[in-house]
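Here's input.pdb, which has PDB, C-alpha atoms:
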ATOM      1  CA  MET A   1    -186.163 -37.803  46.202
ATOM      2  CA  VAL A   2    -184.645 -39.789  43.340
ATOM      3  CA  LYS A   3    -180.899 -40.297  43.626
ATOM      4  CA  TYR A   4    -178.780 -39.782  40.512
ATOM      5  CA  LYS A   5    -175.217 -38.967  39.661
ATOM      6  CA  GLN A   6    -175.117 -35.261  38.858
ATOM      7  CA  ALA A   7    -172.129 -35.553  36.507
ATOM      8  CA  SER A   8    -173.767 -38.390  34.596
ATOM      9  CA  LEU A   9    -177.069 -36.560  34.286
ATOM     10  CA  ASP A  10    -175.278 -33.385  33.165
ATOM     11  CA  ALA A  11    -173.341 -35.346  30.548
ATOM     12  CA  VAL A  12    -176.521 -36.933  29.155
ATOM     13  CA  PHE A  13    -178.385 -33.629  28.951
ATOM     14  CA  GLY A  14    -175.318 -31.963  27.445
ATOM     15  CA  ALA A  15    -174.935 -34.705  24.853
ATOM     16  CA  LEU A  16    -178.599 -34.601  23.878
ATOM     17  CA  ALA A  17    -178.694 -30.801  23.728
ATOM     18  CA  ASP A  18    -177.271 -30.936  20.208
ATOM     19  CA  PRO A  19    -179.754 -31.819  17.419
ATOM     20  CA  THR A  20    -177.167 -33.830  15.480
ATOM     21  CA  ARG A  21    -176.401 -35.990  18.512
ATOM     22  CA  ARG A  22    -180.124 -36.465  19.195
ATOM     23  CA  ALA A  23    -180.582 -37.567  15.577
ATOM     24  CA  ILE A  24    -177.666 -39.991  15.919
ATOM     25  CA  ALA A  25    -179.206 -41.441  19.098
ATOM     26  CA  GLU A  26    -182.577 -41.771  17.344
ATOM     27  CA  ARG A  27    -180.912 -43.544  14.420
ATOM     28  CA  LEU A  28    -179.094 -45.926  16.771
ATOM     29  CA  ALA A  29    -182.364 -46.703  18.562
ATOM     30  CA  GLY A  30    -183.189 -48.639  15.387
ATOM     31  CA  GLY A  31    -180.025 -50.742  15.614
ATOM     32  CA  GLN A  32    -176.284 -50.525  15.248
ATOM     33  CA  ALA A  33    -174.668 -48.514  12.480
ATOM     34  CA  SER A  34    -171.193 -47.773  11.230
ATOM     35  CA  VAL A  35    -169.710 -44.304  11.556
ATOM     36  CA  THR A  36    -170.009 -43.908   7.778
ATOM     37  CA  GLU A  37    -173.701 -44.825   7.886
ATOM     38  CA  LEU A  38    -174.253 -42.327  10.689
ATOM     39  CA  ALA A  39    -172.500 -39.554   8.758
ATOM     40  CA  GLU A  40    -174.515 -39.976   5.526
ATOM     41  CA  PRO A  41    -177.675 -37.994   6.367
ATOM     42  CA  PHE A  42    -175.810 -35.046   7.858
ATOM     43  CA  GLY A  43    -173.340 -34.131   5.161
ATOM     44  CA  LEU A  44    -170.655 -33.893   7.852
ATOM     45  CA  THR A  45    -167.134 -35.184   7.663
ATOM     46  CA  LEU A  46    -166.261 -38.428   9.419
ATOM     47  CA  PRO A  47    -164.079 -36.582  11.959
ATOM     48  CA  ALA A  48    -167.038 -34.348  12.848
ATOM     49  CA  ILE A  49    -169.298 -37.370  13.384
ATOM     50  CA  VAL A  50    -166.566 -39.046  15.455
ATOM     51  CA  LYS A  51    -166.492 -35.968  17.720
ATOM     52  CA  HIS A  52    -170.257 -36.171  18.196
ATOM     53  CA  LEU A  53    -169.954 -39.888  18.935
ATOM     54  CA  ALA A  54    -167.210 -39.219  21.488
ATOM     55  CA  ILE A  55    -169.570 -36.917  23.396
ATOM     56  CA  LEU A  56    -172.344 -39.513  23.258
ATOM     57  CA  GLU A  57    -169.902 -42.191  24.447
ATOM     58  CA  HIS A  58    -168.651 -39.971  27.284
ATOM     59  CA  ALA A  59    -172.278 -39.601  28.425
ATOM     60  CA  GLY A  60    -172.666 -43.380  28.327
ATOM     61  CA  LEU A  61    -175.305 -43.253  25.597
ATOM     62  CA  VAL A  62    -173.307 -44.991  22.861
ATOM     63  CA  GLU A  63    -170.824 -47.846  22.718
ATOM     64  CA  HIS A  64    -168.705 -48.910  19.786
ATOM     65  CA  ARG A  65    -166.810 -51.956  18.606
ATOM     66  CA  LYS A  66    -164.395 -52.358  15.742
ATOM     67  CA  GLU A  67    -164.408 -55.007  13.057
ATOM     68  CA  GLY A  68    -161.310 -54.489  11.008
ATOM     69  CA  ARG A  69    -161.340 -50.834  10.022
ATOM     70  CA  ILE A  70    -165.082 -50.404  10.525
ATOM     71  CA  ARG A  71    -166.379 -48.950  13.777
ATOM     72  CA  TYR A  72    -169.939 -49.993  14.683
ATOM     73  CA  CYS A  73    -171.940 -47.991  17.203
ATOM     74  CA  THR A  74    -174.881 -49.036  19.352
ATOM     75  CA  LEU A  75    -177.182 -47.114  21.661
ATOM     76  CA  VAL A  76    -177.025 -47.791  25.419
ATOM     77  CA  PRO A  77    -180.574 -46.949  26.478
ATOM     78  CA  GLY A  78    -180.026 -47.752  30.166
ATOM     79  CA  GLN A  79    -178.277 -44.418  30.660
ATOM     80  CA  LEU A  80    -181.572 -42.689  29.911
ATOM     81  CA  GLU A  81    -183.200 -44.290  32.964
ATOM     82  CA  GLY A  82    -181.587 -41.684  35.220
ATOM     83  CA  VAL A  83    -182.976 -38.927  33.021
ATOM     84  CA  ALA A  84    -186.436 -40.504  33.087
ATOM     85  CA  GLU A  85    -186.319 -40.742  36.884
ATOM     86  CA  TRP A  86    -185.212 -37.134  37.175
ATOM     87  CA  LEU A  87    -187.992 -35.939  34.861
ATOM     88  CA  GLU A  88    -190.556 -38.070  36.669
ATOM     89  CA  GLN A  89    -189.974 -36.017  39.811
ATOM     90  CA  TYR A  90    -191.444 -33.022  38.035
ATOM     91  CA  GLY A  91    -194.290 -34.825  36.275
ATOM     92  CA  GLY A  92    -196.644 -34.568  39.262
ATOM     93  CA  PHE A  93    -195.724 -30.936  39.788
ATOM     94  CA  TRP A  94    -196.633 -29.967  36.230
ATOM     95  CA  HIS A  95    -199.776 -32.098  36.169
ATOM     96  CA  GLU A  96    -201.011 -30.287  39.284
ATOM     97  CA  ARG A  97    -200.256 -26.905  37.723
ATOM     98  CA  PHE A  98    -201.956 -27.736  34.432
ATOM     99  CA  ASP A  99    -204.981 -29.213  36.230
ATOM    100  CA  GLY A 100    -205.251 -26.003  38.257
ATOM    101  CA  LEU A 101    -205.019 -23.901  35.115
ATOM    102  CA  HIS A 102    -207.664 -26.059  33.446
ATOM    103  CA  ARG A 103    -210.028 -25.628  36.429
ATOM    104  CA  TYR A 104    -209.419 -21.868  36.461
ATOM    105  CA  LEU A 105    -210.096 -21.480  32.735
ATOM    106  CA  ARG A 106    -213.200 -23.663  32.952
ATOM    107  CA  ASP A 107    -214.531 -21.637  35.914
ATOM    108  CA  GLU A 108    -213.819 -18.338  34.109
ATOM    109  CA  ARG A 109    -215.592 -19.589  31.006
ATOM    110  CA  ASP A 110    -218.623 -20.767  33.014
ATOM    111  CA  ALA A 111    -218.834 -17.571  35.086
TER
END

What would the structure in this file look like if it were written as structure tokens?
Amino acid sequence: MVKYKQASLDAVFGALADPTRRAIAERLAGGQASVTELAEPFGLTLPAIVKHLAILEHAGLVEHRKEGRIRYCTLVPGQLEGVAEWLEQYGGFWHERFDGLHRYLRDERDA
């Protein structure tokens, strides 16, 4: 069984459960951005975006640095490795189930 930190995995899933935070993570996958740049497509206030970023940072998905008054954010993709490992555990399970369903439907069709 794959070992993972439950709290960390919960935080990542919780952070990515929100569509705005997923969109922010997707945007940051393309490179760093300022908080203002991240806020533009959503029509949200800067404080609202900062709250979303705080949740992403708590989950370890985003880091930030300040240059003067500008806060730049970057994605930390390594945190997603635990999620990928966790999901991989169930990949074989679902492939077996779908293969069985496929065989059943094929046999029913041919019968």

Could you work out an axis-aligned bounding box for all listed atoms of segment 25-30 of chain A, with 4 Å added on each of the six sides, and give its centre and edge lengths in Å to one decimal, as AutoDock Vina command-line options?
--center_x -181.1 --center_y -45.0 --center_z 16.8 --size_x 12.1 --size_y 15.2 --size_z 12.7

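When atom CA of Glu40 of chain A is paired with atom CA of Thr20 of chain A, their separation reads 12.0 Å.
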
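All residues of protein, DNA or RNA that reach within 12 Å of Arg27 of chain A, judged by only C-alpha atoms and not counting those fewer than 2 positions away in the chain, are A:Thr20, A:Arg21, A:Arg22, A:Ala23, A:Ile24, A:Ala25, A:Ala29, A:Gly30, A:Gly31, A:Gln32, A:Ala33, A:Ser34, A:Val35, A:Glu37, A:Leu38, A:Ala39, A:Glu40, A:Pro41, A:Phe42, A:Val62, A:Cys73, A:Thr74, A:Leu75.
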
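Considering the residues A:Val76, A:Leu44, A:Leu101, A:Leu87 and counting all atoms listed in the file, Leu56 of chain A has its shortest atom-to-atom contact with A:Val76.
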
Atomic separation - atom CA of Leu61 of chain A relative to atom CA of Pro77 of chain A, Å: 6.5 Å

Up to 8 Å from (-172.1, -37.6, 23.0) in the file's coordinates: name the residues, counting all atoms listed in the file, as a list in words.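 Output of the proximity query reads Ala11, Val12, Gly14, Ala15, Leu16, Arg21, Lys51, His52, Leu53, Ala54, Ile55, Leu56, Glu57, His58, Ala59, Gly60, Leu61 and Val62 of chain A.
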
Atom CA of Leu28 of chain A and atom CA of Leu46 of chain A, how far apart in Å?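 Atom-to-atom, atom CA of Leu46 of chain A and atom CA of Leu28 of chain A are spaced 16.6 Å apart.
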
Which is closest to Tyr72 of chain A among A:Ala111, A:Asp99, A:Leu105, A:Thr36, if we use only C-alpha atoms?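 Ranked by minimum distance to Tyr72 of chain A, first place goes to A:Thr36.
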
Smallest atom-to-atom distance to Ile49 of chain A: which of A:Glu96, A:Leu80, A:Arg71, A:Asp107, using all atoms listed in the file?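 Closest candidate: A:Arg71.
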